[in-house]
Number of protein chains: 2
Amino acid sequence: MAVGESHFPIMPRIDGVRLGTAMAGIKKPGRRDLVVIEVAEGASVAGTFTRNAFCAAPVHVAKEHLGQGDAVRYLVINTGNANAGTGETGMRDARASCAALAELAGVAPETVLPFSTGVIGEPLPMDRLVAGLPQALEALGDDQQAWQLAGEGILTTDTRAKGSSRQLELAGATVTINGIAKGSGMICPNMATMLGFVATDAAIDQALLARILRDTVRKSFNSITVDSDTSTNDACMLMATGKGPRLATDGDLAAFVAALQEVLVELAQAIIRDGEGATKFVTLDVQGATSEDEAREVAFTVAHSPLVKTALYASDANWGRILAAVGRARVDDFDVERVTIDLGEVRLVENGGRAAGYTEEAGSTVMAREEIVIRIDLGRGEEGAVIWTSDLSHDYVSINADYRS
Amino acid sequence: MAVGESHFPIMPRIDGVRLGTAMAGIKKPGRRDLVVIEVAEGASVAGTFTRNAFCAAPVHVAKEHLGQGDAVRYLVINTGNANAGTGETGMRDARASCAALAELAGVAPETVLPFSTGVIGEPLPMDRLVAGLPQALEALGDDQQAWQLAGEGILTTDTRAKGSSRQLELAGATVTINGIAKGSGMICPNMATMLGFVATDAAIDQALLARILRDTVRKSFNSITVDSDTSTNDACMLMATGKGPRLATDGDLAAFVAALQEVLVELAQAIIRDGEGATKFVTLDVQGATSEDEAREVAFTVAHSPLVKTALYASDANWGRILAAVGRARVDDFDVERVTIDLGEVRLVENGGRAAGYTEEAGSTVMAREEIVIRIDLGRGEEGAVIWTSDLSHDYVSINADYRS
């Protein structure tokens with residue numbers, strides 16, 4: 001199940017980026033499950049990674065290789081196996097994946113970053129992965145098909161490939177930003193999402209690129225939740241090949257960041273629309289907070305509430321559950337008299353209780369929609385945050401009760 | 001659905017406590033939904049209440065009346081309507097309930113404490129509630145039937161009445177502790193549970209009683225979670241009539257607290273066994289923490305994980321989900337190499353990954369059980385905590401997607 005229509009977008013070529021895929025049979029045969037991304041020499045690459053303490057072996061190795069300052073040339077991504085909870089064997093396997101690709105491509109192993117997603121705790125089937133690499137390298141291309149197959153090749157329980165693209169004019173030249181992402185369950189990114197790969201031909205130094213990524217990830221991948229479970233493998237990579245124009249002015253930078261933010265938000269929202277068992281796409285807009293963190297605490301408390309999520313699934317305007325969730329958020333000296341809660345265009349709560357003009361009929365009309373906005377004003381400050389989430393359906397339970405079988 | 005067998009226990013008389021019930025038709029007719037508890041003059045009463053900022057009107061009024069130092073004489077409890085999110089009207093109704101009972105019983109309104117549980121946000125049907133009070137007063141009694149009917153009269157989505165009783169000998173006399181509780185969904189108490197009423201004939205001063213209650217509630221009602229949603233109406237009341245022996249020595253106190261702790265744990269566990277849609281009763285035992293709070297943070301993070309809960313429902317030994325949940329708990333400087341995780345008698349995780357001797361078959365054998373113990377040792381300190389939770393089943397979604405219809 002998934003919310004709304006979905007079409008993989010047109011992805012213009014990005015000079016300096018090629019993508020290749022293979023069917024390596026990592027978990028089962030006949031499935032595109034191995035992706036290689038090549039970036040041109042001299043490209044800048046930045047990444048954000050999960051904060052889960054049990055982070056996966058490839059996360060350790062990717063951070064290590066990214067941190068050595070050597071230019072990154074290849075990303076190798078497998079689905080079907082997370083290579084997490086695999087201890088020393090997992091670390092060896094992640095390094096061996098890099099080494100195998102490096103040898104075939106004639107580069108140093110430290111210029112390869114590994115990524116894995118799938119079941120936790122199983123050893124990575126190295127023979128099959130390594131055997132699939134030549135096919136992926138041979139398939140390297142930069143056209144629409146290459147981007148779309150890569151978008152498909154990183155999926156797990158996702159039901160659709162997720163892509164987003166923007167172009168903008170900077171200093172008389174066209175800059176392109178393309179991104180693909182995957183994620184459907186175990187989604188409550190902290191630092192980054194499941195997996196996101198975004199590339200541009202703009203020229204941006206590594207330090208600036210890292211800062212831009214951190215800022216834009218916070219308001220995109222780090223602002224979504226399906227089920228509150230932060231994965232062991234989350235990573236989002238931003239690659240700037242430098243084949244296009246350099247960001248020369250503050251105006252250029254602002255325009256680029258705005259376009260990049262759109263790409264990341266579109267990808268993050270696509271993950272929610274394709275959330276496991278999702279039948280609703282819900283925007284939580286919390287304002288009037290004393291800090292952005294406070295607004296996010298309230299928003300995520302509501303978004304994680306199983307009772308709110310099941311009411312959304314049932315299209316039941318059971319606003320008392322929203323109120324109860326707001327009330328249990330970790331906020332000090334909370335004055336409920338100042339809080340207002342709106343469901344779409346309908347005021348639910350004011351003055352500590354049900355809004356005067358509220359009718360069940362009005363609430364139900366909004367709840368019946370596939371896309372729902374819940375606005376919460378805490379009435380105590382000027383800060384705010386917007387996050388996105390899905391509902392909790394029978395399909396979510398079925399998908400996760402049956403996932404390994 | 002519920003886990004295991006259940007029998008309402010034998011409840012000996014407690015001198016100074018009487019209970020009466022009525023069918024007031026609060027939400028629908030033909031259901032026992034109004035309970036009055038009478039305590040003798042001179043009794044000590046202590047209470048713990050929800051920390052939800054949107055706490056219900058009766059919680060405000062009960063705290064206010066309890067805080068005025070007047071002896072408490074009556075508790076009036078309705079189910080079917082939480083009188084929460086009801087603003088000024090709700091406060092008026094809660095006070096009016098006390099006043100109506102006070103007038104019938106010939107006591108001051110401030111000696112009555114009100115409690116409500118049920119749907120949030122609907123006005124309390126005062127006419128029906130007030131009309132039911134004479135019947136409840138007339139039914140006041142102290143025998144087995146009175147306790148059992150009161151246990152039934154406070155239920156909402158619960159499938160069974162929950163009671164617990166202990167007797168101990170102090171200074172040559174018998175002290176009795178009886179308790180009843182309700183709760184099935186919106187269960188993640190913070191300060192107290194949904195509703196718990198515990199009485200003893202021991203003589204204990206109010207200040208000591210309050211301290212004993214706070215300590216014992218932490219390791220019982222505040223150590224359970226069904227769905228992470230802290231209710232607006234949680235309250236646990238402890239009444240000591242003073243008709244029996246006084247706690248004279250430290251030994252008496254310790255013996256009494258131990259017996260009380262057993263009663264509260266039994267009631268709290270009964271709530272989990274009857275958790276909405278529960279098919280499993282799960283004990284999370286976290287040790288080796290630097291503080292009890294740290295141990296509780298890890299335990300609750302695992303207990304709230306929808307992915308862990310659906311794996312428990314499916315009897316799937318998907319231990320990677322437990323590892324991922326432990327890894328995302330808010331613990332600083334977490335060294336995963338030192339963590340061990342055991343499922344029943346089977347070691348799952350050590351040295352940062354799957355334990356050497358682990359087999360899928362061994363894990364599945366434990367997961368197939370109705371009662372499961374998950375032991376997590378963080379290997380970084382001497383503190384620990386034990387909490388109890390249930391699984392996330394299709395029935396949980398059905399119950400909460402259909403609750404109001």
# chains A, B, ... in the order shown; residues from 1 in each chain; ligands from 1
>>> select_by_dssp(residues="range 111-316 of chain A", states="alpha helix (DSSP H)", output="PyMOL selection string")
chain A and resi 126-138+144-153+206-218+250-273+292-304+306-313
>>> interface_residues(of="chain A", to="chain B", cutoff="8 Å", atoms="only C-alpha atoms", output="number ranges by chain")
A: 51-55, 84-87, 119-121, 186, 227-232, 305-307, 310-311, 313-314, 316, 318-321, 323-329, 334-336, 351-354, 392-394, 397-398, 400-402, 404
>>> closest_residue(among="A:Pro245, A:Arg211, A:Val45, A:Met126", to="Phe197 in chain A", atoms="only C-alpha atoms")
A:Val45
>>> atom_distance(atom1="CA of Ala259 in chain A", atom2="CA of Glu64 in chain A")
29.3 Å
>>> closest_residue(among="B:Asn83, B:Ser6, B:Trp147, B:Glu292", to="Gln269 in chain B", atoms="only C-alpha atoms")
B:Ser6
>>> closest_residue(among="B:Ile224, B:Ala207, B:Ala278, B:Ile271", to="Asp391 in chain B", atoms="only C-alpha atoms")
B:Ala278
>>> select_by_dssp(residues="range 36-164 of chain A", states="strand (DSSP E)", output="number ranges by chain")
A: 36-39, 44-49, 74-81, 112-119, 162-164
>>> write_last_selection(atoms="N, CA, C and O atoms", output="JSON list (two decimals), in the first residue's frame")
[["chain", "number", "residue", "atom", "x", "y", "z"],
["A", 36, "VAL", "N", 26.23, 0.35, -8.25],
["A", 36, "VAL", "CA", 27.52, 1.04, -8.16],
["A", 36, "VAL", "C", 27.32, 2.46, -8.69],
["A", 36, "VAL", "O", 26.72, 2.65, -9.75],
["A", 37, "ILE", "N", 27.78, 3.45, -7.92],
["A", 37, "ILE", "CA", 27.76, 4.83, -8.38],
["A", 37, "ILE", "C", 29.20, 5.30, -8.52],
["A", 37, "ILE", "O", 30.01, 5.15, -7.60],
["A", 38, "GLU", "N", 29.50, 5.85, -9.69],
["A", 38, "GLU", "CA", 30.86, 6.34, -9.96],
["A", 38, "GLU", "C", 30.84, 7.86, -10.01],
["A", 38, "GLU", "O", 29.97, 8.43, -10.65],
["A", 39, "VAL", "N", 31.76, 8.49, -9.32],
["A", 39, "VAL", "CA", 31.88, 9.95, -9.43],
["A", 39, "VAL", "C", 33.26, 10.28, -10.01],
["A", 39, "VAL", "O", 34.24, 9.58, -9.77],
["A", 44, "SER", "N", 33.58, 16.51, -4.91],
["A", 44, "SER", "CA", 33.44, 16.58, -3.45],
["A", 44, "SER", "C", 32.30, 15.67, -3.02],
["A", 44, "SER", "O", 31.27, 15.61, -3.69],
["A", 45, "VAL", "N", 32.48, 14.98, -1.91],
["A", 45, "VAL", "CA", 31.42, 14.10, -1.40],
["A", 45, "VAL", "C", 31.25, 14.34, 0.10],
["A", 45, "VAL", "O", 32.23, 14.41, 0.83],
["A", 46, "ALA", "N", 30.00, 14.51, 0.53],
["A", 46, "ALA", "CA", 29.71, 14.66, 1.96],
["A", 46, "ALA", "C", 28.66, 13.63, 2.35],
["A", 46, "ALA", "O", 27.89, 13.17, 1.50],
["A", 47, "GLY", "N", 28.63, 13.25, 3.62],
["A", 47, "GLY", "CA", 27.66, 12.24, 4.06],
["A", 47, "GLY", "C", 27.17, 12.49, 5.47],
["A", 47, "GLY", "O", 27.88, 13.08, 6.29],
["A", 48, "THR", "N", 25.95, 12.08, 5.74],
["A", 48, "THR", "CA", 25.45, 12.03, 7.12],
["A", 48, "THR", "C", 25.03, 10.59, 7.38],
["A", 48, "THR", "O", 24.55, 9.91, 6.48],
["A", 49, "PHE", "N", 25.20, 10.15, 8.62],
["A", 49, "PHE", "CA", 25.00, 8.74, 8.94],
["A", 49, "PHE", "C", 24.15, 8.57, 10.19],
["A", 49, "PHE", "O", 24.04, 9.48, 11.01],
["A", 74, "TYR", "N", 33.92, 5.76, -5.90],
["A", 74, "TYR", "CA", 32.82, 4.80, -6.09],
["A", 74, "TYR", "C", 32.01, 4.61, -4.81],
["A", 74, "TYR", "O", 32.56, 4.64, -3.70],
["A", 75, "LEU", "N", 30.71, 4.42, -4.99],
["A", 75, "LEU", "CA", 29.82, 3.97, -3.91],
["A", 75, "LEU", "C", 29.29, 2.61, -4.34],
["A", 75, "LEU", "O", 28.84, 2.45, -5.48],
["A", 76, "VAL", "N", 29.34, 1.63, -3.43],
["A", 76, "VAL", "CA", 28.77, 0.31, -3.75],
["A", 76, "VAL", "C", 27.67, 0.00, -2.75],
["A", 76, "VAL", "O", 27.88, 0.07, -1.53],
["A", 77, "ILE", "N", 26.48, -0.27, -3.26],
["A", 77, "ILE", "CA", 25.29, -0.39, -2.42],
["A", 77, "ILE", "C", 24.62, -1.73, -2.68],
["A", 77, "ILE", "O", 24.31, -2.05, -3.82],
["A", 78, "ASN", "N", 24.40, -2.51, -1.62],
["A", 78, "ASN", "CA", 23.62, -3.73, -1.81],
["A", 78, "ASN", "C", 22.34, -3.66, -0.98],
["A", 78, "ASN", "O", 22.32, -3.07, 0.10],
["A", 79, "THR", "N", 21.29, -4.25, -1.48],
["A", 79, "THR", "CA", 20.07, -4.42, -0.70],
["A", 79, "THR", "C", 19.91, -5.91, -0.40],
["A", 79, "THR", "O", 20.64, -6.74, -0.93],
["A", 80, "GLY", "N", 18.97, -6.24, 0.53],
["A", 80, "GLY", "CA", 18.73, -7.65, 0.88],
["A", 80, "GLY", "C", 19.50, -8.09, 2.11],
["A", 80, "GLY", "O", 19.19, -9.13, 2.69],
["A", 81, "ASN", "N", 20.48, -7.32, 2.51],
["A", 81, "ASN", "CA", 21.29, -7.67, 3.68],
["A", 81, "ASN", "C", 21.94, -6.41, 4.24],
["A", 81, "ASN", "O", 22.61, -5.68, 3.50],
["A", 112, "VAL", "N", 36.48, 3.93, -2.17],
["A", 112, "VAL", "CA", 35.16, 3.28, -2.33],
["A", 112, "VAL", "C", 34.40, 3.34, -0.99],
["A", 112, "VAL", "O", 34.97, 3.03, 0.05],
["A", 113, "LEU", "N", 33.13, 3.74, -1.05],
["A", 113, "LEU", "CA", 32.29, 3.76, 0.15],
["A", 113, "LEU", "C", 31.22, 2.66, 0.03],
["A", 113, "LEU", "O", 30.53, 2.59, -0.97],
["A", 114, "PRO", "N", 31.07, 1.81, 1.07],
["A", 114, "PRO", "CA", 30.07, 0.73, 1.01],
["A", 114, "PRO", "C", 28.78, 1.09, 1.76],
["A", 114, "PRO", "O", 28.82, 1.80, 2.77],
["A", 115, "PHE", "N", 27.66, 0.62, 1.24],
["A", 115, "PHE", "CA", 26.35, 0.82, 1.87],
["A", 115, "PHE", "C", 25.55, -0.47, 1.76],
["A", 115, "PHE", "O", 25.59, -1.13, 0.71],
["A", 116, "SER", "N", 24.83, -0.82, 2.84],
["A", 116, "SER", "CA", 24.03, -2.04, 2.82],
["A", 116, "SER", "C", 22.67, -1.76, 3.44],
["A", 116, "SER", "O", 22.56, -0.94, 4.35],
["A", 117, "THR", "N", 21.64, -2.44, 2.99],
["A", 117, "THR", "CA", 20.32, -2.33, 3.60],
["A", 117, "THR", "C", 19.58, -3.64, 3.43],
["A", 117, "THR", "O", 19.76, -4.32, 2.42],
["A", 118, "GLY", "N", 18.79, -4.00, 4.44],
["A", 118, "GLY", "CA", 18.07, -5.28, 4.38],
["A", 118, "GLY", "C", 17.99, -5.88, 5.76],
["A", 118, "GLY", "O", 17.96, -5.17, 6.76],
["A", 119, "VAL", "N", 17.99, -7.20, 5.83],
["A", 119, "VAL", "CA", 17.86, -7.90, 7.11],
["A", 119, "VAL", "C", 19.11, -7.70, 7.96],
["A", 119, "VAL", "O", 20.23, -7.73, 7.45],
["A", 162, "LYS", "N", 12.06, 5.97, -5.70],
["A", 162, "LYS", "CA", 11.88, 7.36, -5.28],
["A", 162, "LYS", "C", 12.98, 8.23, -5.87],
["A", 162, "LYS", "O", 14.15, 8.02, -5.59],
["A", 163, "GLY", "N", 12.60, 9.18, -6.68],
["A", 163, "GLY", "CA", 13.57, 10.08, -7.27],
["A", 163, "GLY", "C", 13.07, 11.51, -7.21],
["A", 163, "GLY", "O", 11.88, 11.76, -7.06],
["A", 164, "SER", "N", 14.00, 12.44, -7.30],
["A", 164, "SER", "CA", 13.63, 13.86, -7.35],
["A", 164, "SER", "C", 14.73, 14.60, -8.09],
["A", 164, "SER", "O", 15.90, 14.23, -8.00]]
>>> atom_distance(atom1="CA of Ser291 in chain A", atom2="CA of Gly381 in chain A")
7.5 Å
>>> atom_distance(atom1="CA of Arg73 in chain B", atom2="CA of Ala240 in chain B")
11.7 Å
>>> closest_residue(among="B:Ala136, B:Ala171, B:Ile322, B:Leu104", to="Gly153 in chain B", atoms="only C-alpha atoms")
B:Ala136
>>> closest_residue(among="B:Arg214, B:Arg369, B:Arg246, B:Arg375", to="Leu170 in chain B", atoms="only C-alpha atoms")
B:Arg246
>>> residues_around(residues="Val257 in chain A", least_positions_apart="3", cutoff="9 Å", atoms="only C-alpha atoms", output="PyMOL selection string")
chain A and resi 212-213+216+252-254+260-262
>>> closest_residue(among="A:Gly4, A:Gly384, A:Gly20, A:Gly25", to="Arg296 in chain A", atoms="only C-alpha atoms")
A:Gly384
